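Asker: The file below is upload_13.cif, mmCIF, C-alpha atoms:
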```
data_run
loop_
_atom_site.label_atom_id
_atom_site.label_comp_id
_atom_site.auth_asym_id
_atom_site.auth_seq_id
_atom_site.Cartn_x
_atom_site.Cartn_y
_atom_site.Cartn_z
CA MET A 1 -25.75 -9.15 -18.33
CA HIS A 2 -23.09 -11.35 -16.71
CA GLU A 3 -22.66 -11.17 -12.92
CA THR A 4 -19.80 -12.85 -11.02
CA ARG A 5 -18.31 -12.68 -7.56
CA LEU A 6 -14.50 -12.73 -7.37
CA SER A 7 -12.93 -13.73 -4.07
CA THR A 8 -9.55 -13.06 -2.51
CA ALA A 9 -7.74 -14.16 0.61
CA GLY A 10 -7.91 -11.53 3.33
CA PRO A 11 -7.04 -9.09 4.50
CA PHE A 12 -8.25 -7.09 1.51
CA ASP A 13 -8.26 -3.31 1.42
CA GLY A 14 -10.81 -3.10 -1.37
CA GLU A 15 -11.90 0.38 -0.36
CA GLY A 16 -8.31 1.55 -0.71
CA VAL A 17 -8.12 0.22 -4.28
CA LEU A 18 -11.38 1.93 -5.22
CA ARG A 19 -10.36 5.21 -3.58
CA TYR A 20 -7.13 5.11 -5.58
CA LEU A 21 -9.08 4.55 -8.81
CA ALA A 22 -11.48 7.34 -7.84
CA GLY A 23 -8.61 9.74 -7.28
CA HIS A 24 -7.29 9.06 -10.79
CA ALA A 25 -10.63 8.69 -12.60
CA ILE A 26 -10.92 10.37 -16.01
CA PRO A 27 -14.04 12.53 -16.38
CA GLY A 28 -16.44 11.01 -18.88
CA VAL A 29 -14.70 7.62 -18.78
CA GLU A 30 -14.77 6.38 -15.20
CA PHE A 31 -16.65 6.81 -11.96
CA ALA A 32 -15.45 5.43 -8.66
CA ASP A 33 -15.90 5.88 -4.94
CA ALA A 34 -15.01 3.72 -1.93
CA LYS A 35 -17.61 1.09 -2.89
CA ARG A 36 -17.81 0.87 -6.70
CA TYR A 37 -16.08 1.46 -10.00
CA ARG A 38 -17.82 1.90 -13.36
CA ARG A 39 -16.49 2.32 -16.89
CA VAL A 40 -16.52 1.12 -20.50
CA VAL A 41 -13.96 -1.56 -21.35
CA ARG A 42 -12.44 -2.03 -24.80
CA LEU A 43 -12.35 -5.71 -25.73
CA ASP A 44 -9.57 -7.55 -27.51
CA SER A 45 -12.07 -8.19 -30.31
CA GLY A 46 -12.24 -4.45 -30.98
CA GLY A 47 -15.67 -4.00 -29.43
CA HIS A 48 -16.52 -2.66 -26.00
CA THR A 49 -18.72 -3.44 -23.02
CA SER A 50 -19.80 -1.77 -19.80
CA LEU A 51 -18.37 -2.82 -16.47
CA LEU A 52 -19.38 -2.26 -12.87
CA VAL A 53 -17.26 -3.44 -9.94
CA ARG A 54 -18.67 -3.33 -6.39
CA LEU A 55 -17.25 -4.39 -3.07
CA ASP A 56 -18.99 -7.52 -1.83
CA GLY A 57 -17.95 -8.20 1.74
CA PRO A 58 -14.47 -8.02 3.26
CA GLU A 59 -12.92 -10.56 0.90
CA GLY A 60 -14.57 -10.16 -2.47
CA ILE A 61 -15.94 -8.00 -5.25
CA LYS A 62 -18.95 -8.37 -7.51
CA VAL A 63 -18.48 -7.79 -11.23
CA LEU A 64 -21.28 -6.91 -13.65
CA ILE A 65 -20.48 -7.10 -17.38
CA ASP A 66 -22.83 -5.69 -20.04
CA GLU A 67 -24.69 -3.84 -17.32
CA PRO A 68 -27.81 -2.09 -18.69
CA ALA A 69 -28.09 1.67 -18.37
CA PRO A 70 -30.01 2.79 -15.25
CA LYS A 71 -33.51 4.16 -15.75
CA VAL A 72 -32.50 7.26 -13.79
CA PRO A 73 -28.93 8.41 -14.55
CA ILE A 74 -26.67 8.88 -11.53
CA PRO A 75 -25.05 12.34 -11.38
CA ASP A 76 -21.41 12.41 -12.51
CA GLU A 77 -21.43 8.76 -13.57
CA PRO A 78 -20.87 7.73 -17.21
CA VAL A 79 -23.94 5.99 -18.60
CA PRO A 80 -23.12 2.36 -19.45
CA ALA A 81 -22.51 2.03 -23.17
CA ALA A 82 -24.64 -0.26 -25.28
CA PRO A 83 -22.50 -3.34 -25.95
CA VAL A 84 -21.44 -4.08 -29.50
CA PRO A 85 -23.08 -7.08 -31.24
CA GLY A 86 -21.81 -10.33 -29.80
CA SER A 87 -20.99 -11.08 -26.19
CA PRO A 88 -17.68 -10.25 -24.50
CA ASP A 89 -15.58 -13.10 -23.17
CA PRO A 90 -16.33 -13.02 -19.43
CA LYS A 91 -13.12 -14.91 -18.63
CA ASP A 92 -11.01 -12.22 -20.29
CA VAL A 93 -12.82 -9.35 -18.56
CA LEU A 94 -12.79 -11.08 -15.18
CA ALA A 95 -9.07 -11.79 -15.48
CA ARG A 96 -8.49 -8.08 -16.07
CA VAL A 97 -10.63 -7.17 -13.07
CA ARG A 98 -8.68 -9.58 -10.86
CA GLN A 99 -5.51 -7.79 -11.89
CA LEU A 100 -7.12 -4.36 -11.45
CA ALA A 101 -7.95 -5.13 -7.82
CA ASN A 102 -4.78 -7.21 -7.25
CA LEU A 103 -6.91 -10.05 -5.91
CA ASP A 104 -4.13 -12.63 -6.12
CA ALA A 105 -1.77 -10.84 -3.74
CA ASP A 106 -0.73 -12.76 -0.60
CA SER A 107 -1.57 -9.98 1.84
CA THR A 108 -0.85 -12.04 4.96
CA THR A 109 2.74 -12.62 3.86
CA ILE A 110 3.22 -9.07 2.56
CA ASP A 111 1.87 -7.44 5.71
CA ALA A 112 3.95 -9.68 7.97
CA HIS A 113 7.11 -8.87 6.01
CA LEU A 114 6.59 -5.11 6.04
CA SER A 115 5.53 -5.11 9.70
CA ALA A 116 8.98 -6.42 10.61
CA ASP A 117 10.19 -2.85 10.00
CA ALA A 118 9.17 -0.81 13.04
CA ALA A 119 8.84 2.29 10.83
CA LEU A 120 6.02 0.66 8.86
CA ALA A 121 4.41 -1.53 11.51
CA GLN A 122 1.77 1.02 12.55
CA ARG A 123 0.99 1.89 8.93
CA VAL A 124 0.44 -1.77 8.10
CA GLN A 125 -1.72 -2.26 11.18
CA ALA A 126 -3.83 0.73 10.18
CA ASN A 127 -4.05 -0.37 6.51
CA PRO A 128 -4.09 -4.19 6.41
CA GLY A 129 -4.33 -5.90 3.04
CA ILE A 130 -3.15 -2.90 0.99
CA ARG A 131 -3.13 -3.77 -2.73
CA VAL A 132 -1.29 -2.33 -5.72
CA PRO A 133 -4.02 -1.22 -8.17
CA GLY A 134 -3.65 -2.71 -11.64
CA THR A 135 -5.18 -1.69 -14.95
CA LEU A 136 -7.79 -2.94 -17.39
CA ASP A 137 -5.82 -1.80 -20.46
CA PRO A 138 -1.99 -1.73 -20.63
CA GLN A 139 -1.79 0.75 -23.52
CA GLU A 140 -4.22 3.11 -21.82
CA GLN A 141 -2.19 2.95 -18.63
CA LEU A 142 0.98 3.86 -20.49
CA PHE A 143 -0.64 6.97 -21.98
CA ARG A 144 -2.15 7.96 -18.65
CA THR A 145 1.27 7.71 -17.04
CA LEU A 146 3.03 9.66 -19.79
CA ILE A 147 0.45 12.44 -19.72
CA GLY A 148 0.58 12.61 -15.93
CA GLN A 149 4.36 13.00 -15.71
CA GLN A 150 5.49 15.99 -13.64
CA ILE A 151 1.99 17.42 -13.20
CA SER A 152 -0.57 17.01 -10.45
CA ILE A 153 -3.15 14.23 -10.52
CA SER A 154 -5.88 16.85 -10.85
CA ALA A 155 -4.17 18.46 -13.84
CA ALA A 156 -3.63 15.06 -15.46
CA ARG A 157 -7.31 14.21 -15.09
CA THR A 158 -8.23 17.50 -16.79
CA VAL A 159 -5.86 16.88 -19.72
CA LEU A 160 -7.02 13.27 -20.09
CA GLY A 161 -10.66 14.31 -19.97
CA ALA A 162 -10.08 16.85 -22.73
CA LEU A 163 -8.23 14.24 -24.81
CA VAL A 164 -11.09 11.76 -24.46
CA LYS A 165 -13.76 14.32 -25.33
CA LYS A 166 -11.85 15.58 -28.39
CA LEU A 167 -11.00 12.17 -29.82
CA CYS A 168 -13.88 9.97 -28.61
CA GLY A 169 -16.77 12.34 -27.90
CA GLU A 170 -19.28 11.01 -25.37
CA SER A 171 -18.58 7.33 -26.02
CA GLY A 172 -16.95 6.79 -22.63
CA GLN A 173 -14.00 5.10 -24.31
CA PHE A 174 -10.33 5.98 -23.98
CA PRO A 175 -8.62 6.80 -27.32
CA THR A 176 -6.64 4.13 -29.11
CA ALA A 177 -2.96 4.54 -29.95
CA GLU A 178 -4.00 5.12 -33.56
CA GLN A 179 -6.32 7.96 -32.58
CA ILE A 180 -3.71 9.63 -30.39
CA ALA A 181 -1.04 9.31 -33.08
CA ALA A 182 -3.35 10.87 -35.66
CA ARG A 183 -4.95 13.66 -33.63
CA GLY A 184 -3.25 13.95 -30.26
CA GLN A 185 -1.37 17.03 -31.42
CA GLU A 186 -4.69 18.88 -31.60
CA VAL A 187 -5.43 18.64 -27.89
CA LEU A 188 -2.28 17.76 -25.94
CA ARG A 189 -0.81 20.67 -24.01
CA GLY A 190 2.39 21.09 -22.05
CA PRO A 191 6.12 20.94 -22.75
CA LYS A 192 6.92 20.15 -26.39
CA ALA A 193 9.27 17.35 -25.36
CA ARG A 194 6.51 15.57 -23.41
CA ILE A 195 4.05 15.89 -26.28
CA ALA A 196 6.68 14.56 -28.67
CA THR A 197 7.22 11.52 -26.41
CA ILE A 198 3.49 10.78 -26.23
CA LEU A 199 3.05 11.04 -29.99
CA THR A 200 6.15 8.95 -30.70
CA VAL A 201 4.95 6.22 -28.33
CA ALA A 202 1.48 6.34 -29.91
CA GLN A 203 2.96 5.89 -33.36
CA ALA A 204 5.14 3.01 -32.14
CA LEU A 205 2.16 1.24 -30.57
CA ALA A 206 -0.02 1.84 -33.62
CA SER A 207 2.63 0.44 -35.97
CA GLY A 208 3.48 -2.53 -33.77
CA GLU A 209 7.03 -1.31 -33.19
CA LEU A 210 6.20 -1.21 -29.47
CA THR A 211 4.07 -3.74 -27.63
CA ILE A 212 3.11 -3.62 -23.99
CA SER A 213 1.38 -6.49 -22.23
CA ARG A 214 1.23 -8.42 -18.99
CA SER A 215 3.39 -11.14 -20.54
CA HIS A 216 6.53 -8.99 -20.14
CA ASN A 217 8.74 -9.05 -17.07
CA VAL A 218 9.87 -5.88 -15.32
CA GLU A 219 13.31 -5.81 -16.92
CA GLU A 220 11.94 -6.35 -20.43
CA LEU A 221 9.22 -3.72 -20.04
CA THR A 222 11.67 -1.21 -18.58
CA GLU A 223 14.10 -1.73 -21.46
CA ARG A 224 11.34 -1.29 -24.04
CA LEU A 225 10.02 1.91 -22.49
CA THR A 226 13.26 3.67 -21.57
CA ALA A 227 14.46 3.24 -25.14
CA PHE A 228 12.16 6.18 -25.96
CA ALA A 229 13.39 9.70 -25.30
CA GLY A 230 11.42 11.23 -22.43
CA ILE A 231 10.71 7.97 -20.59
CA GLY A 232 12.78 7.45 -17.47
CA PRO A 233 12.89 5.02 -14.55
CA TRP A 234 9.92 6.56 -12.68
CA THR A 235 7.58 6.16 -15.64
CA ALA A 236 8.79 2.65 -16.43
CA GLY A 237 8.54 1.64 -12.78
CA TYR A 238 5.02 2.99 -12.32
CA VAL A 239 3.83 1.31 -15.52
CA ALA A 240 5.39 -1.96 -14.31
CA MET A 241 3.45 -1.68 -11.04
CA ARG A 242 0.13 -0.99 -12.74
CA VAL A 243 0.44 -3.19 -15.83
CA LEU A 244 2.45 -6.14 -14.51
CA GLY A 245 1.43 -5.97 -10.87
CA ALA A 246 5.17 -5.85 -10.11
CA PRO A 247 5.47 -6.27 -6.33
CA ASP A 248 9.01 -4.98 -5.84
CA VAL A 249 9.27 -1.52 -7.43
CA LEU A 250 10.16 1.42 -5.20
CA LEU A 251 9.71 4.78 -6.93
CA SER A 252 12.48 6.42 -4.95
CA THR A 253 12.39 9.72 -6.89
CA ASP A 254 8.64 10.23 -6.40
CA THR A 255 8.08 13.48 -4.50
CA VAL A 256 4.93 12.28 -2.69
CA LEU A 257 6.64 9.05 -1.66
CA LEU A 258 9.56 11.06 -0.26
CA LYS A 259 7.14 13.24 1.72
CA GLY A 260 5.63 10.09 3.16
CA ALA A 261 9.06 8.82 4.07
CA ALA A 262 9.83 12.09 5.86
CA ALA A 263 6.51 11.89 7.74
CA LEU A 264 7.56 8.49 9.08
CA GLY A 265 11.04 9.66 10.03
CA LEU A 266 12.68 7.73 7.20
CA PRO A 267 15.37 8.96 4.78
CA SER A 268 13.70 11.40 2.40
CA THR A 269 16.18 11.60 -0.46
CA PRO A 270 16.03 9.30 -3.50
CA ARG A 271 19.31 7.59 -2.61
CA GLY A 272 18.47 7.41 1.07
CA ILE A 273 15.06 5.79 0.69
CA ALA A 274 16.33 3.45 -2.04
CA ASP A 275 19.03 2.18 0.30
CA TYR A 276 16.70 1.95 3.30
CA GLY A 277 14.00 0.26 1.23
CA GLN A 278 16.22 -2.73 0.48
CA ARG A 279 14.80 -4.29 3.65
CA TRP A 280 11.30 -4.22 2.17
CA ALA A 281 12.19 -6.41 -0.80
CA PRO A 282 10.52 -8.31 -2.39
CA TYR A 283 7.47 -6.15 -1.60
CA ARG A 284 8.73 -2.61 -2.14
CA SER A 285 5.73 -1.66 -4.30
CA TYR A 286 3.45 -2.23 -1.30
CA ALA A 287 5.78 -0.32 0.99
CA GLY A 288 5.61 2.57 -1.47
CA LEU A 289 1.82 2.60 -1.20
CA HIS A 290 2.12 2.91 2.58
CA LEU A 291 4.46 5.88 2.11
CA TRP A 292 2.04 7.52 -0.32
CA ARG A 293 -0.75 7.17 2.23
CA ALA A 294 1.49 8.50 4.98
CA ALA A 295 2.08 11.61 2.88
CA GLN A 296 -1.66 12.11 2.37
CA SER A 297 -2.47 11.68 6.06
CA SER A 298 0.25 14.16 7.07
CA ARG A 299 -1.30 17.05 5.15
#
```
Could you render the structure from this file as structure tokens?
Answerer:
Amino acid sequence: MHETRLSTAGPFDGEGVLRYLAGHAIPGVEFADAKRYRRVVRLDSGGHTSLLVRLDGPEGIKVLIDEPAPKVPIPDEPVPAAPVPGSPDPKDVLARVRQLANLDADSTTIDAHLSADAALAQRVQANPGIRVPGTLDPQEQLFRTLIGQQISISAARTVLGALVKKLCGESGQFPTAEQIAARGQEVLRGPKARIATILTVAQALASGELTISRSHNVEELTERLTAFAGIGPWTAGYVAMRVLGAPDVLLSTDTVLLKGAAALGLPSTPRGIADYGQRWAPYRSYAGLHLWRAAQSSR
């Protein structure tokens, strides 16, 4: 087992990151609450390892790699998988975790910039150090986003859980592009056009026609994704936020974001919030998170 503490400059809303991950967790793959996040991670070598992330004070997290299975299973939590022969590269896994928790964000600068707008000042004061959650696996994030288009988070979790169980059994792993291309048709449900997009993207990833990685910039990633029928600006923008950690993406057509804007007395049409949000650049992704939270708190 490898244990490391990763630090960040405060303020750090680590609980907010973990709550976000918990809200999107796939049954059988992930478990998260406001203090911890557990899952199996696929390695670049083709193997896999178990991962546990825990908050460790106001400005850090503790990461356990190759964590052994607990003697007494915890209800609703995936049991850590036995690692494949050979040790994972801790540097690679830790780099992914840093991106997952957005530990390198300059929260002091971001919060000060957004607080200059009176409409957001109270939200920032109530939620200091808000971070844009990243991802451990770019391809997985793309599929999660495609499957979650135009349906609720709860419905997306159900579909993703069924996909995992059908293609990967109880392994705790998310399917590869090759597995989805070969057998996704058996389990995917919903509009035929959406299923066709998912399968086409899976085939493109499996063949190497499409690559998606953190080395791309926002413009390049957007161009690659929107070249596929069924992928529009919202999907490309959300993937850029999660995969690249893009700090300046405002999802102006997002219905929840628009509800948050309305709750704060801001323009609540796509064009209106896009125009108003110009003042939040270059940190519009973080402003969008504040709007999402405003929508949740106004229910």
Asker: Quick one: which residues end up in the PyMOL selection byres ((chain A and resi 282) around 10) for this structure, as a list in words?
Answerer: Ile110, His113, Leu114, Ala246, Pro247, Asp248, Val249, Gly277, Gln278, Arg279, Trp280, Ala281, Tyr283, Arg284, Ser285, Tyr286 and Ala287 of chain A
Asker: Would you write out, as a PyMOL selection string, every residue that the PyMOL selection byres ((chain A and resi 198) around 9) captures in this file?
Answerer: chain A and resi 143+146-147+180-181+184+193-197+199-203+230
Asker: Of the candidates A:Ile153, A:Leu258, A:Ala206, A:Val218, which shows the shortest atom-to-atom distance to Pro175 in chain A, using only C-alpha atoms?
Answerer: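 Looking only at the distances to Pro175 in chain A, the closest residue turns out to be A:Ala206.
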Asker: Write out as AutoDock Vina command-line options an axis-aligned box for range 191-205 of chain A: all of its atoms listed in the file, 5 Å added on each side, centre and edge lengths in Å with one decimal.
Answerer:
```
--center_x 5.4 --center_y 11.1 --center_z -28.1 --size_x 17.8 --size_y 29.7 --size_z 20.6
```
Asker: Do a neighbour search on Leu103 in chain A at 9 Å with all atoms listed in the file, toss out local chain neighbours closer than 6 positions, and write the hits as a list in words.
Answerer: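 Here the answer would be Leu6, Ser7, Thr8, Ala9, Phe12, Gly60, Val97 and Arg131 of chain A.
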Asker: Residues within 10 Å of Arg42 in chain A, please, as a list in words. Count only C-alpha atoms; anything in the same chain fewer than 5 positions from it doesn't count.
Answerer: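 Surrounding residues, per the criterion: Gly47, His48, Thr49, Ser50, Pro88, Val93, Leu136, Asp137, Gln173, Phe174, Pro175 and Thr176 of chain A.
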Asker: Taking (-10.8, 0.8, 0.1) in the coordinates of the supplied file, I want to know which residues reach to within 9 Å of it, counting all atoms listed in the file; could you give the answer as a ChimeraX atom specification?
Answerer: /A:12-20,33-35,55,130
Asker: With C-alpha atoms retained, write the just-selected residues as a compact mmCIF listing (two decimals), in the frame of the given file.
Answerer:
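File written: part.txt
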```
# COMPACT_ATOMS: atom_id res chain seq x y z
CA PHE A 12 -8.25 -7.09 1.51
CA ASP A 13 -8.26 -3.31 1.42
CA GLY A 14 -10.81 -3.10 -1.37
CA GLU A 15 -11.90 0.38 -0.36
CA GLY A 16 -8.31 1.55 -0.71
CA VAL A 17 -8.12 0.22 -4.28
CA LEU A 18 -11.38 1.93 -5.22
CA ARG A 19 -10.36 5.21 -3.58
CA TYR A 20 -7.13 5.11 -5.58
CA ASP A 33 -15.90 5.88 -4.94
CA ALA A 34 -15.01 3.72 -1.93
CA LYS A 35 -17.61 1.09 -2.89
CA LEU A 55 -17.25 -4.39 -3.07
CA ILE A 130 -3.15 -2.90 0.99
```
Asker: Taking the file as shown, what set of residues would the PyMOL selection byres ((chain A and resi 256) around 9) give back, as an mmCIF file with C-alpha atoms, in the frame of the given file?
Answerer:
```
data_model
loop_
_atom_site.group_PDB
_atom_site.id
_atom_site.type_symbol
_atom_site.label_atom_id
_atom_site.label_comp_id
_atom_site.auth_asym_id
_atom_site.auth_seq_id
_atom_site.Cartn_x
_atom_site.Cartn_y
_atom_site.Cartn_z
ATOM 1 C CA THR A 253 12.390 9.720 -6.890
ATOM 2 C CA ASP A 254 8.640 10.230 -6.400
ATOM 3 C CA THR A 255 8.080 13.480 -4.500
ATOM 4 C CA LEU A 257 6.640 9.050 -1.660
ATOM 5 C CA LEU A 258 9.560 11.060 -0.260
ATOM 6 C CA LYS A 259 7.140 13.240 1.720
ATOM 7 C CA GLY A 260 5.630 10.090 3.160
ATOM 8 C CA ALA A 261 9.060 8.820 4.070
ATOM 9 C CA LEU A 291 4.460 5.880 2.110
ATOM 10 C CA TRP A 292 2.040 7.520 -0.320
ATOM 11 C CA ALA A 295 2.080 11.610 2.880
ATOM 12 C CA GLN A 296 -1.660 12.110 2.370
#
```
Asker: Could you check how far CA of Asp66 in chain A sits from CA of Leu52 in chain A, in Å to one decimal?
Answerer: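 Computing the Euclidean distance for CA of Asp66 in chain A and CA of Leu52 in chain A yields 8.7 Å.
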Asker: Tell me which of A:Thr145, A:Arg157, A:Tyr276, A:Leu64 sits closest to Ala22 in chain A, counting all atoms listed in the file.
Answerer: A:Arg157
Asker: Write out as a count of residues only which residues come within 7 Å of Arg38 in chain A when counting all atoms listed in the file, dropping same-chain ones fewer than 5 positions away.
Answerer: 6
Asker: Interatomic distance between CA of Ala101 in chain A and CA of Pro133 in chain A?
Answerer: 5.6 Å
Asker: From the set A:Gln150, A:Ser171, A:Lys91, A:Leu142, which residue has the shortest atom-to-atom contact distance to Arg39 in chain A, counting all atoms listed in the file?
Answerer: A:Ser171
Asker: Any idea what the distance is between CA of Glu178 in chain A and CA of Leu43 in chain A?
Answerer: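 One can read the CA of Glu178 in chain A to CA of Leu43 in chain A distance as 15.8 Å.
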